[in-house]
Structure formats: structure tokens, C-alpha cells
Amino acid sequence: MGQILQQFVESTGFNELIDPNKWMSIELFNDYILKIPGEIIMIGIACVFLYLAIKKGYEPYLLIPIAFGMLLVNFPLAGLMEENGLLNLLYLGTEKGLYPPLIFLCVGAGTDFGPLIANPRSILLGAAAQFGIFFTFIGAILLGFSGPEAASIGIIGGADGPTALYLTAKLAKDLLGPIAIAAYSYMALVPIIQPPIMKLLTTEEERKVKMEQLRPVSKKEKVLFPIIVTIFTVLLLPSSAPLIGMLMFGNLIKEAGVVPKLVETAQNSLLYIVTIFLGITVGAKAKASLFLTPSTLKIIALGLIAFSIGTATGILFGKIMYRTSKGKVNPLIGAAGVSAVPMAARVVQKEGQKYNPANFLLMHAMGPNVAGVIGSAVAAGVLLMFFGG
């Protein structure tokens with residue numbers, strides 16, 4: 001009976017974590033000191049993320065699956081990411097680039113491109129906000145990352161989690177864990193990161209600007225928009241086809257108005273199913289041996305820089321439009337050029353109303369916001385074209 005009990009204890013993950021014999025074995029000491037504390041740290045980080053998602057409400061639909069995947073993969077002996085392990089099998093959808101385009105399809109089915117169609121100039125704000133991607137790409141190269149790795153890090157600046165995952169899965173699979181955590185963390189922290197940058201780069205007079213109501217957009221325009229964008233973009237940049245194609249397909253079935261069941265499925269069931277699989281497998285790449293490295297700290301720092309610069313360049317271009325329009329454009333809407341839809345647009349609305357309670361910037365901000373989604377997908381296509389081999 002004692003022997004059976006001893007065998008049971010030795011087979012547990014607890015024993016793997018705290019077995020004192022490993023501390024007394026000189027030849028195993030170095031391996032143990034690196035491996036086990038790392039797993040404990042990652043379990044702790046996973047629990048913190050779960051707290052932020054459940055208690056604080058930070059992107060719970062994404063953060064809960066990611067955090068739980070991180071928790072599961074760092075349990076000793078569980079083997080969930082080994083060959084034929086459950087999470088390893090589910091991870092094939094992330095590794096092969098399947099889940100992010102499906103997320104784009106669902107996003108397209110829930111997105112109204114009307115504000116962008118009504119004010120085509122706002123696409124310039126979405127494009128300007130992508131500057132952070134390429135600035136950070138250069139910074140990552142200077143810090144010693146390879147071209148494909150730097151491209152994957154830079155895309156964090158687009159504040160578009162699925163795009164970051166898609167590009168990283170294609171170019172730098174080993175960095176998927178830290179890049180995913182950085183990308184989705186900064187998306188969740190948009191209401192904290194953006195307001196100080198908005199206040200720093202704009203005057204109180206600029207923040208008070210009340211913009212005129214957008215013109216109505218016809219159904220014909222909304223139906224033609226995804227078709228025209230797909231034809232032009234994919235012919236110009238074929239590598240962007242998976243993301244742009246799925247985004248515009250989702251939007252077309254929404255605006256066509258003849259397939260409501262497809263739209264309902266994409267907006268609800270499919271979106272949540274893919275989110276679960278994507279989130280939990282992304283978290284499963286945050287294994288201690290891959291995550292707790294000096295490069296991870298560099299990635300997190302560079303991601304914050306990328307996101308901040310993207311916000312700043314969007315605002316600065318908004319100030320140019322403020323000048324050229326003789327004060328008719330509120331430069332705050334430039335901050336929505338990052339593609340955190342619709343959170344960035346909501347932050348613009350909230351900040352604008354602080355300085356002018358009669359200000360309603362939400363629809364104006366949605367133009368650059370959805371333009372940012374297109375812009376980040378195009379930026380990913382450009383980087384994939386150069387570094388995808």
C-alpha cells in the first residue's frame with residue numbers, strides 16, 4: 001500500500017514542482033532552477049490575467065481563454081502541447097493561419113463601413129496610425145531581432161490581435177506567446193494608454209471642436225464597397241487576400257441583406273467558437289521555457305512603443321486635417337486609426353465629451369477605426385510579401 005501511495009505521489013505535478021531530491025542532485029540542479037520556478041511564475045501570471053478579465057472586465061472574451069490556456073500548458077506532466085495533446089491539435093488552426101481570417105470574417109459581419117464611405121478622407125487617419133508598425137520594425141531590427149521577428153513585433157502597433165497572430169504564425173511561431181499577450185493586453189488597455197497621448201498632443205480648443213453630421217450612405221454604396229475594396233486590394237497585394245478577403249466577405253453578407261442566417265451565425269456562434277479555440281491555443285504557446293526570456297521583455301516594451309506611436313501619428317495627422325479644414329475636424333478622431341474596434345472610437349467619444357458635452361464624435365471616429373482594420377491587414381500583407389519566403 002505504501003509503495004502504491006509513493007508511486008502515486010511521484011506521478012503528480014506537485015511532486016514535479018517541489019520534489020526536494022531535485023534540489024540535492026547536482027546534475028539536475030541547473031535544469032530544475034530554470035524550469036520549475038518559471039512554471040510557477042507563469043501559473044501566477046495566468047491567475048493575474050484571469051483576475052483582470054473576470055474582476056476588472058478587461059477583454060474577458062479573449063483574456064479568459066488566453067489565460068486559461070497559459071495555465072494549462074504550464075502544469076508539469078500534463079502534456080497538452082505534446083504530440084497528439086489536446087491543445088496541440090487545436091493549435092493547428094492557429095499555426096496554419098485558419099483562426100485569424102475566420103475572426104476577420106466575423107468582424108466584417110458586424111462592422112458598418114458607412115462612416116468610412118461617408119468620409120473617405122478618414123482612411124488617411126487609419127493609414128497614418130499604421131506608422132507605429134514600421135517604426136517599431138526598425139527598432140526591433142536594431143535590438144537584434146531578425147527581419148521576420150521584427151515584422152511580427154511591429155504589427156502589434158496596429159492594435160489588431162488577429163492580424164498580429166496571423167502574421168506571427170507565418171513568420172515567427174516561437175514568438176507567438178509573447179506577441180499575443182502584448183497585442184491583446186494593449187488592446188484591453190486602450191482606455192488607459194490613449195487619453196494621456198490625446199491630451200499631450202492636442203489643445204483644449206482642438207478637443208472642443210464639434211464636427212458636422214455625416215451624410216447618409218445608401219445601401220448600394222455599402223454593398224459595392226466590400227466588392228471594390230477586395231478587387232483592388234487583393235490585385236495590388238495578393239498576400240493580403242486571407243485577411244482582407246474574409247473581412248470584406250463578412251461585410252458583404254451583412255450589407256446584402258439576403259442571407260440573415262449567415263450573418264447571425266458569423267456575428268454570434270462562429271465568432272465565439274473561433275475565439276475560444278484561438279484564445280486557448282495562443283495561451284498554450286506561453287510556456288515558461290518560451291515565454292520567460294529577455295526577448296519577451298523587449299517585445300512587450302516594443303509593443304507599447306508601437307501602439308503609442310500609432311496613436312500619436314493618427315492624432316498628428318488629425319491635427320493636419322484640423323488645419324486644412326479650417327477647424328472643422330476634431331484631431332482626436334485620429335487616435336481611432338488604430339484598429340481596436342470599436343474601443344478606440346469609444347475612447348475618442350468619451351474624451352471629446354469631457355471638453356464639450358455637446359460633442360458626438362463616435363460615428364466620426366468609426367471611420368478611421370474601421371480604416372485602421374483595413375490598414376493593419378494591408379500592412380501585414382506588405383510584411384508577409386517581403387519576409388514570408
# chains A, B, ... in the order shown; residues from 1 in each chain; ligands from 1
>>> residues_around(residues="Phe134 (chain A)", least_positions_apart="4", cutoff="9 Å", atoms="only C-alpha atoms", output="list in words")
Gln130, Ile138, Gly139, Ala151, Gly154, Ile155, Gly157, Ala306 and Ala379 of chain A
>>> residues_around(residues="Lys298 (chain A)", least_positions_apart="6", cutoff="12 Å", atoms="only C-alpha atoms", output="list of chain:residue names")
A:Thr136, A:Gly139, A:Ala140, A:Ile141, A:Leu142, A:Leu143, A:Gly144, A:Phe145, A:Glu149, A:Ala150, A:Ile153, A:Gly154, A:Leu175, A:Pro178, A:Ile179, A:Ala182, A:Phe291, A:Leu292, A:Leu304, A:Ile305, A:Ala306
>>> residues_around(residues="Val329 (chain A)", least_positions_apart="3", cutoff="12 Å", atoms="only C-alpha atoms", output="NGL selection string")
:A and (119 or 121-122 or 125 or 205-213 or 315 or 317-326 or 332-334 or 361 or 364-365)
>>> closest_residue(among="A:Leu224, A:Ala128, A:Leu86, A:Val347", to="Pro196 (chain A)", atoms="only C-alpha atoms")
A:Val347
>>> select_by_dssp(residues="region 20-221 of chain A", states="helix (DSSP H, G or I)", output="ChimeraX atom specification")
/A:20-24,26-54,60-73,86-90,92-95,99-109,114-118,122-128,131-142,147-158,161-171,173-188,190-201,204-207,219-221
>>> residues_around(residues="Gly161 (chain A)", least_positions_apart="5", cutoff="10 Å", atoms="only C-alpha atoms", output="list in words")
Leu62, Pro100, Ile103, Ile155, Ile156, Tyr166, Ile179, Ala180, Ile181, Ala182, Ala183, Tyr184, Ser185, Tyr186, Met187, Ser339 and Ala340 of chain A
>>> write_last_selection(atoms="N, CA and C atoms", output="PDB file, in the first residue's frame")
ATOM      1  N   LEU A  62     -11.540  37.378 -24.672  1.00  0.00           N
ATOM      2  CA  LEU A  62     -10.236  36.940 -25.167  1.00  0.00           C
ATOM      3  C   LEU A  62      -9.297  36.560 -24.036  1.00  0.00           C
ATOM      4  N   PRO A 100      -7.361  33.340 -37.425  1.00  0.00           N
ATOM      5  CA  PRO A 100      -7.443  34.799 -37.605  1.00  0.00           C
ATOM      6  C   PRO A 100      -8.304  35.237 -38.785  1.00  0.00           C
ATOM      7  N   ILE A 103     -11.850  35.016 -37.756  1.00  0.00           N
ATOM      8  CA  ILE A 103     -12.201  36.138 -36.882  1.00  0.00           C
ATOM      9  C   ILE A 103     -12.502  37.374 -37.728  1.00  0.00           C
ATOM     10  N   ILE A 155       3.841  44.609 -35.918  1.00  0.00           N
ATOM     11  CA  ILE A 155       2.412  44.582 -36.213  1.00  0.00           C
ATOM     12  C   ILE A 155       1.571  44.772 -34.955  1.00  0.00           C
ATOM     13  N   ILE A 156       2.169  44.630 -33.776  1.00  0.00           N
ATOM     14  CA  ILE A 156       1.450  44.912 -32.526  1.00  0.00           C
ATOM     15  C   ILE A 156       0.922  46.343 -32.542  1.00  0.00           C
ATOM     16  N   TYR A 166      -1.908  36.179 -36.987  1.00  0.00           N
ATOM     17  CA  TYR A 166      -1.781  35.621 -38.339  1.00  0.00           C
ATOM     18  C   TYR A 166      -0.358  35.814 -38.861  1.00  0.00           C
ATOM     19  N   ILE A 179       3.958  37.798 -28.230  1.00  0.00           N
ATOM     20  CA  ILE A 179       3.336  38.783 -29.121  1.00  0.00           C
ATOM     21  C   ILE A 179       1.824  38.807 -28.909  1.00  0.00           C
ATOM     22  N   ALA A 180       1.216  37.637 -28.740  1.00  0.00           N
ATOM     23  CA  ALA A 180      -0.227  37.585 -28.499  1.00  0.00           C
ATOM     24  C   ALA A 180      -0.588  38.272 -27.189  1.00  0.00           C
ATOM     25  N   ILE A 181       0.180  37.985 -26.142  1.00  0.00           N
ATOM     26  CA  ILE A 181      -0.097  38.615 -24.844  1.00  0.00           C
ATOM     27  C   ILE A 181       0.052  40.117 -24.944  1.00  0.00           C
ATOM     28  N   ALA A 182       1.121  40.581 -25.613  1.00  0.00           N
ATOM     29  CA  ALA A 182       1.339  42.020 -25.755  1.00  0.00           C
ATOM     30  C   ALA A 182       0.216  42.654 -26.571  1.00  0.00           C
ATOM     31  N   ALA A 183      -0.134  42.048 -27.710  1.00  0.00           N
ATOM     32  CA  ALA A 183      -1.146  42.629 -28.595  1.00  0.00           C
ATOM     33  C   ALA A 183      -2.496  42.754 -27.893  1.00  0.00           C
ATOM     34  N   TYR A 184      -2.933  41.679 -27.242  1.00  0.00           N
ATOM     35  CA  TYR A 184      -4.253  41.717 -26.622  1.00  0.00           C
ATOM     36  C   TYR A 184      -4.250  42.521 -25.319  1.00  0.00           C
ATOM     37  N   SER A 185      -3.119  42.571 -24.639  1.00  0.00           N
ATOM     38  CA  SER A 185      -3.036  43.390 -23.434  1.00  0.00           C
ATOM     39  C   SER A 185      -3.182  44.866 -23.774  1.00  0.00           C
ATOM     40  N   TYR A 186      -2.502  45.311 -24.823  1.00  0.00           N
ATOM     41  CA  TYR A 186      -2.584  46.723 -25.196  1.00  0.00           C
ATOM     42  C   TYR A 186      -3.942  47.063 -25.786  1.00  0.00           C
ATOM     43  N   MET A 187      -4.583  46.098 -26.462  1.00  0.00           N
ATOM     44  CA  MET A 187      -5.958  46.327 -26.915  1.00  0.00           C
ATOM     45  C   MET A 187      -6.879  46.564 -25.723  1.00  0.00           C
ATOM     46  N   SER A 339      -6.623  49.865 -34.970  1.00  0.00           N
ATOM     47  CA  SER A 339      -7.802  49.063 -35.319  1.00  0.00           C
ATOM     48  C   SER A 339      -8.402  48.296 -34.159  1.00  0.00           C
ATOM     49  N   ALA A 340      -8.382  48.873 -32.980  1.00  0.00           N
ATOM     50  CA  ALA A 340      -9.078  48.270 -31.836  1.00  0.00           C
ATOM     51  C   ALA A 340     -10.546  48.684 -31.918  1.00  0.00           C
TER      52      ALA A 340
END
>>> closest_residue(among="A:Ser289, A:Gln267, A:Thr202, A:Ser152", to="Leu102 (chain A)", atoms="only C-alpha atoms")
A:Gln267
